[in-house]
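Visitor: Contents of upload-v7.tsv (TSV, C-alpha atoms and all ligand atoms) are given next:
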```tsv
chain	number	residue	atom	x	y	z
I	69	MET	CA	73.49	0.92	115.67
I	70	LYS	CA	74.01	3.91	113.44
I	71	LEU	CA	74.06	3.58	109.67
I	72	SER	CA	76.24	5.82	107.54
I	73	GLN	CA	75.02	9.31	106.75
I	74	ARG	CA	75.47	8.46	103.10
I	75	ILE	CA	72.92	5.66	103.13
I	76	GLN	CA	70.59	7.56	105.43
I	77	ASN	CA	70.52	10.38	102.89
I	78	SER	CA	69.49	8.07	100.05
I	79	THR	CA	66.02	6.74	99.34
I	80	GLU	CA	65.05	3.36	97.93
I	81	SER	CA	64.34	3.30	94.21
I	82	GLU	CA	60.65	4.18	93.92
I	83	THR	CA	60.36	2.07	90.78
I	84	THR	CA	61.69	-1.09	92.45
I	85	ARG	CA	59.57	-0.37	95.55
I	86	PHE	CA	56.44	-0.05	93.40
I	87	SER	CA	57.34	-3.17	91.40
I	88	ALA	CA	57.73	-5.11	94.66
I	89	ARG	CA	54.18	-4.10	95.61
I	90	VAL	CA	52.93	-5.26	92.20
I	91	GLN	CA	54.64	-8.63	92.70
I	92	GLU	CA	53.19	-8.91	96.21
I	93	LEU	CA	49.64	-8.31	94.94
I	94	THR	CA	50.16	-10.74	92.05
I	95	ALA	CA	51.44	-13.39	94.47
I	96	ARG	CA	48.23	-12.93	96.47
I	97	GLY	CA	46.24	-13.79	93.36
I	98	LYS	CA	45.23	-10.25	92.32
I	99	ARG	CA	45.23	-9.75	88.54
I	100	ILE	CA	47.41	-6.77	87.77
I	101	ILE	CA	47.81	-5.03	84.43
I	102	ASN	CA	51.36	-3.91	84.77
I	103	LEU	CA	52.05	-0.69	82.86
I	104	ALA	CA	54.67	0.26	85.43
I	105	VAL	CA	57.36	-2.10	84.22
I	106	GLY	CA	60.57	-0.84	82.70
I	107	GLN	CA	61.23	-3.71	80.31
I	108	PRO	CA	59.96	-4.81	76.92
I	109	GLN	CA	57.55	-7.76	76.78
I	110	PHE	CA	59.60	-9.59	74.12
I	111	ASP	CA	61.38	-12.83	74.94
I	112	THR	CA	65.12	-12.99	75.30
I	113	PRO	CA	66.31	-14.27	71.88
I	114	ALA	CA	66.73	-18.06	71.75
I	115	GLN	CA	70.20	-17.59	70.28
I	116	VAL	CA	71.29	-15.71	73.42
I	117	ILE	CA	69.87	-18.36	75.73
I	118	ALA	CA	71.57	-21.11	73.72
I	119	ALA	CA	74.94	-19.31	73.77
I	120	THR	CA	74.65	-18.78	77.53
I	121	VAL	CA	73.84	-22.45	78.14
I	122	LYS	CA	76.66	-23.47	75.86
I	123	ALA	CA	79.07	-21.27	77.80
I	124	LEU	CA	77.87	-22.83	81.05
I	125	GLU	CA	78.32	-26.32	79.65
I	126	ALA	CA	81.79	-25.34	78.46
I	127	ARG	CA	82.47	-24.44	82.11
I	128	LYS	CA	82.88	-20.71	81.53
I	129	THR	CA	82.11	-20.50	85.20
I	130	LYS	CA	85.22	-18.92	86.67
I	131	TYR	CA	86.26	-15.31	87.19
I	132	SER	CA	86.67	-13.33	84.01
I	133	PRO	CA	89.00	-10.34	83.66
I	134	VAL	CA	87.64	-7.47	85.80
I	135	GLY	CA	86.72	-5.32	82.81
I	136	GLY	CA	85.05	-8.16	80.91
I	137	ILE	CA	85.99	-10.83	78.37
I	138	ALA	CA	88.22	-9.52	75.59
I	139	SER	CA	86.00	-10.76	72.74
I	140	LEU	CA	82.94	-8.93	74.06
I	141	LYS	CA	84.86	-5.71	74.66
I	142	ALA	CA	86.39	-5.85	71.17
I	143	ARG	CA	82.98	-6.40	69.54
I	144	LEU	CA	81.37	-3.55	71.49
I	145	ALA	CA	84.23	-1.22	70.62
I	146	GLN	CA	83.34	-1.60	66.93
I	147	GLN	CA	80.35	0.66	67.54
I	148	PHE	CA	82.69	3.49	68.52
I	149	ASP	CA	84.93	4.76	65.76
I	150	GLY	CA	88.54	5.00	66.98
I	151	TYR	CA	87.94	2.91	70.11
I	152	ASP	CA	89.20	-0.59	70.89
I	153	GLY	CA	88.61	-3.05	73.73
I	154	ASP	CA	90.65	-0.86	76.12
I	155	ASN	CA	87.93	1.78	75.85
I	156	ILE	CA	85.22	-0.57	77.12
I	157	ILE	CA	84.32	-1.96	80.52
I	158	ILE	CA	81.53	-4.50	81.03
I	159	THR	CA	79.27	-3.79	84.01
I	160	ASN	CA	76.28	-5.32	85.75
I	161	GLY	CA	73.79	-3.39	83.68
I	162	ALA	CA	73.71	0.32	82.96
I	163	LYS	CA	72.73	0.83	86.58
I	164	GLN	CA	76.10	-0.26	87.92
I	165	ALA	CA	77.82	1.54	85.05
I	166	LEU	CA	76.25	4.84	86.10
I	167	TYR	CA	76.94	4.21	89.77
I	168	ALA	CA	80.59	3.55	88.94
I	169	ALA	CA	80.83	6.60	86.68
I	170	PHE	CA	79.67	8.95	89.44
I	171	GLN	CA	82.04	7.26	91.91
I	172	VAL	CA	85.05	7.95	89.74
I	173	ILE	CA	84.23	11.53	88.71
I	174	CYS	CA	82.66	13.06	91.84
I	175	ASP	CA	84.46	14.49	94.83
I	176	PRO	CA	82.46	15.44	97.93
I	177	HIS	CA	80.12	18.37	97.22
I	178	ASP	CA	80.64	18.27	93.46
I	179	GLU	CA	77.46	19.06	91.59
I	180	VAL	CA	76.00	17.00	88.78
I	181	ILE	CA	73.34	18.55	86.58
I	182	VAL	CA	70.44	16.21	85.83
I	183	PRO	CA	67.60	17.34	83.55
I	184	ARG	CA	64.21	16.71	85.20
I	185	PRO	CA	62.11	14.57	85.06
I	186	CYS	CA	64.80	11.95	85.29
I	187	TRP	CA	65.39	8.25	85.77
I	188	VAL	CA	65.02	7.49	89.43
I	189	SER	CA	68.58	6.44	90.22
I	190	PHE	CA	70.53	9.41	88.83
I	191	PRO	CA	70.08	11.71	91.85
I	192	GLU	CA	70.55	8.94	94.40
I	193	GLN	CA	73.66	7.60	92.69
I	194	VAL	CA	75.18	11.09	92.62
I	195	LYS	CA	74.43	11.44	96.35
I	196	LEU	CA	75.97	8.03	97.06
I	197	ALA	CA	79.13	9.28	95.33
I	198	GLY	CA	79.21	12.24	97.74
I	199	GLY	CA	77.97	14.67	95.10
I	200	ARG	CA	74.95	16.91	94.89
I	201	PRO	CA	72.39	16.40	92.12
I	202	VAL	CA	71.18	19.67	90.62
I	203	LEU	CA	67.86	19.04	88.91
I	204	VAL	CA	67.15	21.36	86.00
I	205	ASP	CA	63.65	21.35	84.54
I	206	THR	CA	63.20	20.40	80.92
I	207	CYS	CA	60.82	22.30	78.68
I	208	ASN	CA	58.12	20.14	77.09
I	209	HIS	CA	60.43	17.22	77.89
I	210	GLN	CA	63.24	18.72	75.79
I	211	LEU	CA	66.54	20.02	77.17
I	212	ASP	CA	66.40	23.64	78.27
I	213	CYS	CA	70.04	24.43	77.47
I	214	ASP	CA	69.80	28.00	78.82
I	215	ALA	CA	68.56	26.66	82.15
I	216	VAL	CA	71.39	24.11	82.13
I	217	ALA	CA	73.88	26.94	81.47
I	218	ARG	CA	72.43	28.97	84.37
I	219	ALA	CA	72.75	25.98	86.71
I	220	ILE	CA	76.49	25.63	86.09
I	221	GLY	CA	78.60	26.91	88.97
I	222	PRO	CA	82.08	26.48	90.43
I	223	GLN	CA	81.18	23.10	91.93
I	224	THR	CA	79.66	21.62	88.76
I	225	ARG	CA	81.47	18.51	87.64
I	226	ALA	CA	79.18	16.82	85.11
I	227	ILE	CA	75.96	16.91	83.11
I	228	VAL	CA	73.84	13.79	82.64
I	229	ILE	CA	72.20	13.35	79.25
I	230	ASN	CA	69.67	10.53	78.86
I	231	SER	CA	68.29	10.24	75.34
I	232	PRO	CA	66.02	8.48	74.48
I	233	ASN	CA	64.71	9.42	77.86
I	234	ASN	CA	63.18	7.55	80.72
I	235	PRO	CA	60.52	8.57	81.81
I	236	THR	CA	59.46	10.91	78.98
I	237	GLY	CA	60.48	9.08	75.82
I	238	ALA	CA	62.00	12.34	74.57
I	239	VAL	CA	64.75	12.11	71.97
I	240	TYR	CA	67.14	15.06	71.99
I	241	PRO	CA	68.07	16.52	68.60
I	242	LYS	CA	71.65	17.05	67.53
I	243	THR	CA	71.28	20.83	67.86
I	244	ALA	CA	70.54	20.53	71.60
I	245	LEU	CA	73.45	18.14	72.09
I	246	GLU	CA	75.75	20.60	70.32
I	247	LYS	CA	74.86	23.25	72.88
I	248	ILE	CA	75.55	20.84	75.74
I	249	VAL	CA	78.88	19.91	74.17
I	250	ARG	CA	79.86	23.60	74.04
I	251	LEU	CA	78.88	24.08	77.69
I	252	ALA	CA	80.93	21.05	78.72
I	253	GLN	CA	83.98	22.40	76.92
I	254	GLN	CA	83.57	25.96	78.21
I	255	HIS	CA	83.19	24.85	81.82
I	256	ASP	CA	85.44	21.78	81.76
I	257	LEU	CA	82.70	19.30	82.63
I	258	TYR	CA	82.20	15.59	82.16
I	259	LEU	CA	79.25	14.44	80.09
I	260	VAL	CA	77.58	11.24	81.22
I	261	ALA	CA	75.48	9.92	78.32
I	262	ASP	CA	72.96	7.25	79.27
I	263	GLU	CA	72.00	5.65	75.96
I	264	SER	CA	70.21	2.60	77.39
I	265	TYR	CA	67.30	3.02	74.96
I	266	ASP	CA	69.29	3.81	71.82
I	267	LEU	CA	67.49	1.14	69.77
I	268	PHE	CA	64.03	2.48	70.48
I	269	VAL	CA	63.51	5.56	68.34
I	270	TYR	CA	60.43	6.07	66.18
I	271	ASP	CA	59.04	8.31	63.44
I	272	GLY	CA	62.11	7.82	61.26
I	273	LEU	CA	64.32	9.66	63.77
I	274	LYS	CA	67.66	8.32	64.90
I	275	SER	CA	69.21	8.28	68.33
I	276	GLU	CA	71.88	10.99	68.29
I	277	SER	CA	74.84	9.83	70.37
I	278	LEU	CA	77.14	12.29	72.08
I	279	PHE	CA	79.93	10.07	70.78
I	280	GLN	CA	79.66	11.77	67.38
I	281	PHE	CA	81.36	14.87	68.86
I	282	GLU	CA	85.07	14.03	68.66
I	283	GLN	CA	86.10	17.16	70.53
I	284	ILE	CA	84.71	15.82	73.83
I	285	ARG	CA	86.14	12.31	73.83
I	286	ASP	CA	88.30	13.04	76.89
I	287	ARG	CA	85.27	14.10	78.95
I	288	LEU	CA	82.57	11.79	77.60
I	289	ILE	CA	81.30	8.66	79.36
I	290	VAL	CA	78.85	6.68	77.21
I	291	ILE	CA	76.71	4.07	78.90
I	292	ARG	CA	74.68	1.43	77.06
I	293	SER	CA	73.06	-1.81	78.05
I	294	PHE	CA	71.89	-5.19	76.79
I	295	SER	CA	68.87	-4.98	79.12
I	296	LYS	CA	66.29	-3.19	76.99
I	297	HIS	CA	68.08	-3.46	73.66
I	298	PHE	CA	68.03	-7.28	73.61
I	299	ASN	CA	65.34	-8.06	76.20
I	300	MET	CA	67.97	-9.23	78.65
I	301	THR	CA	67.09	-7.25	81.76
I	302	GLY	CA	67.77	-10.20	84.10
I	303	PHE	CA	71.18	-10.93	82.57
I	304	ARG	CA	72.54	-7.70	84.05
I	305	VAL	CA	74.97	-6.72	81.30
I	306	GLY	CA	75.78	-3.15	80.44
I	307	TYR	CA	78.93	-1.34	79.44
I	308	ILE	CA	80.79	1.93	79.41
I	309	ALA	CA	82.67	3.31	76.44
I	310	THR	CA	85.09	6.07	77.33
I	311	ASP	CA	88.67	7.31	77.38
I	312	SER	CA	91.11	4.58	78.50
I	313	PHE	CA	92.22	6.82	81.39
I	314	ILE	CA	88.67	6.73	82.79
I	315	ILE	CA	88.41	2.99	82.03
I	316	SER	CA	91.48	2.41	84.26
I	317	ALA	CA	89.77	4.23	87.13
I	318	LEU	CA	86.54	2.30	86.58
I	319	THR	CA	88.46	-0.99	86.48
I	320	ARG	CA	90.16	-0.16	89.76
I	321	LEU	CA	86.76	0.48	91.32
I	322	GLN	CA	85.23	-2.64	89.80
I	323	SER	CA	88.13	-4.77	91.05
I	324	HIS	CA	86.97	-4.03	94.58
I	325	LEU	CA	83.25	-3.85	93.91
I	326	THR	CA	82.08	-6.89	91.92
I	327	GLY	CA	85.22	-8.42	90.45
I	328	ASN	CA	83.55	-9.11	87.13
I	329	VAL	CA	80.20	-9.54	85.47
I	330	CYS	CA	79.02	-13.20	85.46
I	331	THR	CA	81.32	-14.93	82.97
I	332	PHE	CA	78.91	-17.20	81.08
I	333	VAL	CA	76.39	-14.36	80.81
I	334	GLN	CA	79.02	-12.28	79.00
I	335	HIS	CA	79.26	-15.05	76.40
I	336	GLY	CA	75.47	-14.92	76.01
I	337	ALA	CA	75.72	-11.15	75.55
I	338	LEU	CA	78.38	-11.60	72.88
I	339	SER	CA	76.00	-13.77	70.86
I	340	ALA	CA	73.34	-11.03	71.01
I	341	LEU	CA	75.64	-8.88	68.89
I	342	ASP	CA	75.37	-11.47	66.09
I	343	LEU	CA	71.57	-11.41	65.98
I	344	ASP	CA	69.95	-10.92	62.62
I	345	GLU	CA	69.30	-7.16	62.43
I	346	GLN	CA	65.74	-7.90	61.32
I	347	LEU	CA	64.85	-8.92	64.85
I	348	PRO	CA	65.57	-5.65	66.68
I	349	ALA	CA	64.01	-3.83	63.72
I	350	ALA	CA	60.81	-5.87	64.21
I	351	TRP	CA	60.77	-5.09	67.95
I	352	ARG	CA	61.10	-1.41	67.17
I	353	ARG	CA	58.27	-1.52	64.61
I	354	GLU	CA	55.99	-3.30	67.06
I	355	LEU	CA	56.75	-0.79	69.78
I	356	GLU	CA	56.09	2.10	67.42
I	357	THR	CA	52.61	0.67	66.73
I	358	LYS	CA	52.02	0.39	70.48
I	359	ARG	CA	53.33	3.90	70.99
I	360	ASN	CA	50.71	5.12	68.51
I	361	LEU	CA	47.93	3.27	70.29
I	362	ALA	CA	49.03	4.31	73.78
I	363	TYR	CA	49.58	7.93	72.81
I	364	HIS	CA	46.15	8.11	71.19
I	365	ARG	CA	44.46	6.74	74.33
I	366	ALA	CA	46.54	8.85	76.75
I	367	ALA	CA	45.90	12.05	74.80
I	368	GLU	CA	42.13	11.47	75.15
I	369	LEU	CA	42.51	11.43	78.93
I	370	PHE	CA	45.44	13.66	79.76
I	371	ASP	CA	47.73	16.39	78.60
I	372	CYS	CA	50.35	14.22	76.90
I	373	ILE	CA	53.45	14.91	74.81
I	374	ARG	CA	54.03	12.38	72.03
I	375	PRO	CA	57.24	10.45	72.81
I	376	HIS	CA	59.62	9.67	69.96
I	377	GLY	CA	61.69	7.08	71.81
I	378	ALA	CA	62.03	4.55	74.65
I	379	PHE	CA	58.72	2.89	75.58
I	380	TYR	CA	57.07	5.29	77.96
I	381	LEU	CA	54.47	8.03	78.01
I	382	PHE	CA	54.69	10.67	80.71
I	383	PRO	CA	51.32	12.46	80.71
I	384	ASP	CA	50.52	15.42	82.91
I	385	ILE	CA	47.55	14.20	84.96
I	386	SER	CA	47.29	17.23	87.25
I	387	GLY	CA	44.15	18.46	85.46
I	388	GLN	CA	42.41	15.20	86.31
I	389	LEU	CA	43.37	14.96	89.97
I	390	LYS	CA	40.99	15.90	92.75
I	391	ALA	CA	42.18	18.91	94.77
I	392	GLY	CA	45.06	17.90	97.01
I	393	MET	CA	45.57	14.49	95.42
I	394	THR	CA	49.12	13.62	94.38
I	395	ALA	CA	50.17	11.45	91.45
I	396	LEU	CA	51.54	8.98	94.01
I	397	ALA	CA	48.13	8.75	95.70
I	398	PHE	CA	46.47	8.37	92.28
I	399	ALA	CA	48.86	5.59	91.21
I	400	THR	CA	48.39	3.84	94.54
I	401	HIS	CA	44.58	3.98	94.23
I	402	LEU	CA	44.76	2.79	90.65
I	403	LEU	CA	46.87	-0.19	91.66
I	404	GLU	CA	44.99	-1.19	94.78
I	405	ASP	CA	41.44	-0.54	93.48
I	406	THR	CA	41.53	-1.29	89.76
I	407	GLY	CA	44.63	-3.46	89.46
I	408	VAL	CA	46.42	-1.22	86.97
I	409	ALA	CA	50.02	-0.37	87.81
I	410	VAL	CA	51.57	2.86	86.51
I	411	MET	CA	54.55	4.68	87.96
I	412	PRO	CA	53.90	7.90	89.86
I	413	GLY	CA	55.78	10.93	88.52
I	414	GLU	CA	57.26	11.57	91.96
I	415	ALA	CA	59.64	8.66	91.28
I	416	PHE	CA	61.15	10.80	88.50
I	417	GLY	CA	61.25	14.05	90.43
I	418	MET	CA	58.02	15.39	88.95
I	419	GLY	CA	54.66	15.10	90.66
I	420	GLY	CA	51.42	15.62	88.75
I	421	HIS	CA	52.48	13.03	86.14
I	422	ILE	CA	52.44	9.28	85.69
I	423	ARG	CA	54.70	7.08	83.61
I	424	ILE	CA	52.94	4.51	81.46
I	425	CYS	CA	54.99	1.74	79.83
I	426	PHE	CA	53.55	0.70	76.46
I	427	ALA	CA	55.94	-2.25	75.91
I	428	VAL	CA	53.27	-4.74	76.96
I	429	ALA	CA	50.85	-7.06	75.14
I	430	GLU	CA	48.29	-5.06	73.15
I	431	ASP	CA	45.23	-6.47	74.96
I	432	LYS	CA	46.79	-5.46	78.29
I	433	LEU	CA	47.50	-1.99	76.98
I	434	VAL	CA	43.91	-1.57	75.80
I	435	SER	CA	42.29	-2.87	78.97
I	436	GLY	CA	44.76	-0.90	81.08
I	437	PHE	CA	43.64	2.33	79.41
I	438	ASP	CA	39.97	1.29	79.72
I	439	LYS	CA	40.43	0.85	83.44
I	440	ILE	CA	42.32	4.13	83.84
I	441	ALA	CA	39.47	5.90	82.03
I	442	GLU	CA	36.90	4.23	84.32
I	443	ALA	CA	38.91	5.13	87.41
I	444	LEU	CA	39.04	8.79	86.36
I	501	LIG	C1	67.55	5.52	81.79
I	501	LIG	C2	67.96	4.22	82.40
I	501	LIG	N1	69.27	4.04	82.67
I	501	LIG	C3	69.69	2.90	83.21
I	501	LIG	C4	68.82	1.87	83.51
I	501	LIG	C5	69.35	0.61	84.10
I	501	LIG	O1	69.32	-0.41	83.17
I	501	LIG	P1	70.09	-1.79	83.36
I	501	LIG	O2	69.03	-2.84	83.39
I	501	LIG	O3	70.98	-1.90	82.17
I	501	LIG	O4	70.85	-1.71	84.62
I	501	LIG	C6	67.46	2.02	83.26
I	501	LIG	C7	66.52	0.96	83.62
I	501	LIG	O5	65.33	1.14	83.71
I	501	LIG	C8	67.02	3.23	82.69
I	501	LIG	O6	65.74	3.43	82.41
```
For this file, produce the structure as structure tokens.
Ligand SMILES: Cc1ncc(COP(=O)(O)O)c(C=O)c1O
Guide:
Amino acid sequence: MKLSQRIQNSTESETTRFSARVQELTARGKRIINLAVGQPQFDTPAQVIAATVKALEARKTKYSPVGGIASLKARLAQQFDGYDGDNIIITNGAKQALYAAFQVICDPHDEVIVPRPCWVSFPEQVKLAGGRPVLVDTCNHQLDCDAVARAIGPQTRAIVINSPNNPTGAVYPKTALEKIVRLAQQHDLYLVADESYDLFVYDGLKSESLFQFEQIRDRLIVIRSFSKHFNMTGFRVGYIATDSFIISALTRLQSHLTGNVCTFVQHGALSALDLDEQLPAAWRRELETKRNLAYHRAAELFDCIRPHGAFYLFPDISGQLKAGMTALAFATHLLEDTGVAVMPGEAFGMGGHIRICFAVAEDKLVSGFDKIAEAL
């Protein structure tokens, strides 16, 4: 039987495929140092677990409103000056939020500009929405706004901005965002801002949100998530903050797609917003220390740009590869032969690189780098 052209044109997420291989090897008893993961090593806060259990015990086990429970939406809206609960929709993680966003803004053949390297699902999600991803190279991991401007054509519908960035850890400065804002206004484009890593910014910098630019509120779709921010990746809670007109479209889609995000989990998420601020601050400090360690080790081995955010390094390993060897082949060898998992750059549209996650226990980070050095 024939599958749809749409699904035939899409590829499985390379990160989930690689993670499945890691799990398979672990299940067979192989000891793996997993620097390929995309989640922090911290525990989900006890307060969140307790609130989720409490919600379950209170039988919050039925459908919730499609867009999410009112209390959670209202609390999230407080982060966005001028917004209320009607500007928020709760989704199954940022992943579904992004998928939904592309579904509601793309018509067939519309183009969406995605700076490269990029998170693995952006191009595939655009394709699944009938659109065409246009990958525009970054320059030293920063936005090349002139290249973005050159890539804009009559079919361009949106630009994706992901800062802090996966896989590079780059944090885009306000000046770059200003240029993108001007382009969006000049060419009547949507801006899809993936701010999944907004908590994780180091060196005294702050995550600059596109939301600060009031003039683009009608064309801005902000996506954030509880996954990385509160160590709740398995809860699957994310959200979109945008114009209520776009929220209506997203709600229509969600009413046919998932109905709602798991009701008791939304209550758990609500409790995360009441956490003592000291806790996320401590996570960030610990990750900054690990960033320093990981960057120091990576820079000894590879050509590596120091990341200011997220929890990844994205070194250029091309100088270390044997002639003809790809980063995918290198990562596969590293996993199978030395038991260290890193993500090949191909997953992010850029061969010759690997992504190393430093949000792991320090001893694992150190022995992971020791083994990478030996393997080289
Ligand atoms: C840039 C980026 N966006 C979105 C997601 C999806 O996150 P969530 O777990 O909230 O679906 C990830 C997860 O790795 C990511 O790195």
Visitor: Counting only C-alpha atoms and all ligand atoms, which residues of chain I sit at most 6 Å from some atom of ligand LIG 501 (chain I), and what is each one's closest atom pair with its distance in Å to one decimal, listed by chain and rising residue number, as JSON lines?
Guide:
```
{"residue": "I:Gly106", "atom": "CA", "partner": "I:LIG501", "partner_atom": "O5", "distance": 5.3}
{"residue": "I:Gly161", "atom": "CA", "partner": "I:LIG501", "partner_atom": "O4", "distance": 3.5}
{"residue": "I:Ala162", "atom": "CA", "partner": "I:LIG501", "partner_atom": "O3", "distance": 3.6}
{"residue": "I:Lys163", "atom": "CA", "partner": "I:LIG501", "partner_atom": "O4", "distance": 3.7}
{"residue": "I:Trp187", "atom": "CA", "partner": "I:LIG501", "partner_atom": "C1", "distance": 5.3}
{"residue": "I:Asn234", "atom": "CA", "partner": "I:LIG501", "partner_atom": "C1", "distance": 4.9}
{"residue": "I:Asp262", "atom": "CA", "partner": "I:LIG501", "partner_atom": "N1", "distance": 6.0}
{"residue": "I:Ser264", "atom": "CA", "partner": "I:LIG501", "partner_atom": "N1", "distance": 5.6}
{"residue": "I:Ser293", "atom": "CA", "partner": "I:LIG501", "partner_atom": "O3", "distance": 4.6}
{"residue": "I:Ser295", "atom": "CA", "partner": "I:LIG501", "partner_atom": "O2", "distance": 4.8}
{"residue": "I:Thr301", "atom": "CA", "partner": "I:LIG501", "partner_atom": "O2", "distance": 5.1}
{"residue": "I:Gly306", "atom": "CA", "partner": "I:LIG501", "partner_atom": "O3", "distance": 5.3}
```
Visitor: Which residue out of I:Lys195, I:Glu276, I:Asp438, I:Thr206 has the minimum interatomic distance to Glu368 (chain I) when only C-alpha atoms are used?
Guide: I:Asp438
Visitor: Hey, which of I:Phe332, I:Phe298, I:Tyr270, I:Phe281 ends up closest to Gln253 (chain I)? Count all atoms listed in the file.
Guide: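 Using all atoms listed in the file, the shortest distance to Gln253 (chain I) belongs to I:Phe281.
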Visitor: So how far away is CA of Lys242 (chain I) from CA of Ala226 (chain I), in Å?
Guide: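 CA of Lys242 (chain I) lies at a distance of 19.1 Å from CA of Ala226 (chain I).
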Visitor: Which of these residues is nearest to Glu82 (chain I), using only C-alpha atoms: I:Ser312, I:Ser323, I:Thr224, I:Ser189?
Guide: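 Using only C-alpha atoms, the shortest distance to Glu82 (chain I) belongs to I:Ser189.
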Visitor: Using only C-alpha atoms, which residue out of I:Glu80, I:Val172, I:Glu92, I:Ala126 lies closest to Ser316 (chain I)?
Guide: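 With only C-alpha atoms as the atom set, the closest residue is I:Val172.
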Visitor: Could you check the closest approach to Asp344 (chain I) for each of I:Val290, I:Cys186, I:Val116, I:Ile315 and tell me which residue wins, using all atoms listed in the file?
Guide: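 Smallest separation from Asp344 (chain I) among the options: I:Val116.
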Visitor: Suppose you want the space between CA of Asn208 (chain I) and CA of Gly387 (chain I); what is it in Å?
Guide: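 Pair CA of Asn208 (chain I) / CA of Gly387 (chain I) returns 16.4 Å.
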Visitor: Dig up all the protein and nucleic acid residues within 7 Å of (51.5, -5.2, 79.0) in the file frame, using all atoms listed in the file, and format them as a list of chain:residue names.
Guide: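 Within 7 Å of (51.5, -5.2, 79.0), the protein and nucleic acid residues are I:Ile101, I:Asn102, I:Leu103, I:Gln109, I:Phe426, I:Ala427, I:Val428, I:Ala429, I:Glu430, I:Lys432, I:Leu433.
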Visitor: May I ask for the distance between CA of Glu246 (chain I) and CA of Gln280 (chain I), given in Å to one decimal place?
Guide: 10.1 Å
Visitor: Ranking I:Ala215, I:Leu318, I:Leu278, I:Leu196 by minimum distance to Ile75 (chain I) and counting only C-alpha atoms, which one comes first?
Guide: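 Checking each of I:Ala215, I:Leu318, I:Leu278, I:Leu196 against Ile75 (chain I), counting only C-alpha atoms, the winner is I:Leu196.
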Visitor: Which neighbours of Phe437 (chain I) fall inside 12 Å, counting only C-alpha atoms, when residues of the same chain fewer than 2 positions from it are skipped, and could you give them as a PDB file with C-alpha atoms, in the frame of the given file?
Guide:
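Wrote it out as result.pdb, contents follow:
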```
ATOM      1  CA  ILE I 101      47.810  -5.030  84.430  1.00  0.00           C
ATOM      2  CA  ASN I 102      51.360  -3.910  84.770  1.00  0.00           C
ATOM      3  CA  LEU I 103      52.050  -0.690  82.860  1.00  0.00           C
ATOM      4  CA  LEU I 361      47.930   3.270  70.290  1.00  0.00           C
ATOM      5  CA  ALA I 362      49.030   4.310  73.780  1.00  0.00           C
ATOM      6  CA  TYR I 363      49.580   7.930  72.810  1.00  0.00           C
ATOM      7  CA  HIS I 364      46.150   8.110  71.190  1.00  0.00           C
ATOM      8  CA  ARG I 365      44.460   6.740  74.330  1.00  0.00           C
ATOM      9  CA  ALA I 366      46.540   8.850  76.750  1.00  0.00           C
ATOM     10  CA  ALA I 367      45.900  12.050  74.800  1.00  0.00           C
ATOM     11  CA  GLU I 368      42.130  11.470  75.150  1.00  0.00           C
ATOM     12  CA  LEU I 369      42.510  11.430  78.930  1.00  0.00           C
ATOM     13  CA  PHE I 370      45.440  13.660  79.760  1.00  0.00           C
ATOM     14  CA  LEU I 402      44.760   2.790  90.650  1.00  0.00           C
ATOM     15  CA  THR I 406      41.530  -1.290  89.760  1.00  0.00           C
ATOM     16  CA  GLY I 407      44.630  -3.460  89.460  1.00  0.00           C
ATOM     17  CA  VAL I 408      46.420  -1.220  86.970  1.00  0.00           C
ATOM     18  CA  ALA I 409      50.020  -0.370  87.810  1.00  0.00           C
ATOM     19  CA  VAL I 410      51.570   2.860  86.510  1.00  0.00           C
ATOM     20  CA  ILE I 424      52.940   4.510  81.460  1.00  0.00           C
ATOM     21  CA  CYS I 425      54.990   1.740  79.830  1.00  0.00           C
ATOM     22  CA  PHE I 426      53.550   0.700  76.460  1.00  0.00           C
ATOM     23  CA  GLU I 430      48.290  -5.060  73.150  1.00  0.00           C
ATOM     24  CA  ASP I 431      45.230  -6.470  74.960  1.00  0.00           C
ATOM     25  CA  LYS I 432      46.790  -5.460  78.290  1.00  0.00           C
ATOM     26  CA  LEU I 433      47.500  -1.990  76.980  1.00  0.00           C
ATOM     27  CA  VAL I 434      43.910  -1.570  75.800  1.00  0.00           C
ATOM     28  CA  SER I 435      42.290  -2.870  78.970  1.00  0.00           C
ATOM     29  CA  LYS I 439      40.430   0.850  83.440  1.00  0.00           C
ATOM     30  CA  ILE I 440      42.320   4.130  83.840  1.00  0.00           C
ATOM     31  CA  ALA I 441      39.470   5.900  82.030  1.00  0.00           C
ATOM     32  CA  GLU I 442      36.900   4.230  84.320  1.00  0.00           C
ATOM     33  CA  ALA I 443      38.910   5.130  87.410  1.00  0.00           C
ATOM     34  CA  LEU I 444      39.040   8.790  86.360  1.00  0.00           C
TER      35      LEU I 444
END
```
Visitor: If you count all atoms listed in the file, which residues fall within 12 Å of Arg292 (chain I), apart from same-chain ones fewer than 6 positions away, as a PyMOL selection string?
Guide: chain I and resi 144-145+147-148+156-166+230-232+260-267+277+279+298+304-310
Visitor: If you count only C-alpha atoms, which residues fall within 7 Å of Phe382 (chain I), apart from same-chain ones fewer than 4 positions away, as a PyMOL selection string?
Guide: chain I and resi 235-236+372+421-424
Visitor: In the coordinate frame of the file, compute which residues have an atom within 10 Å of (60.2, 8.5, 93.9) when using only C-alpha atoms, and state them as a PyMOL selection string.
Guide: chain I and resi 79-86+187-189+396+411-419
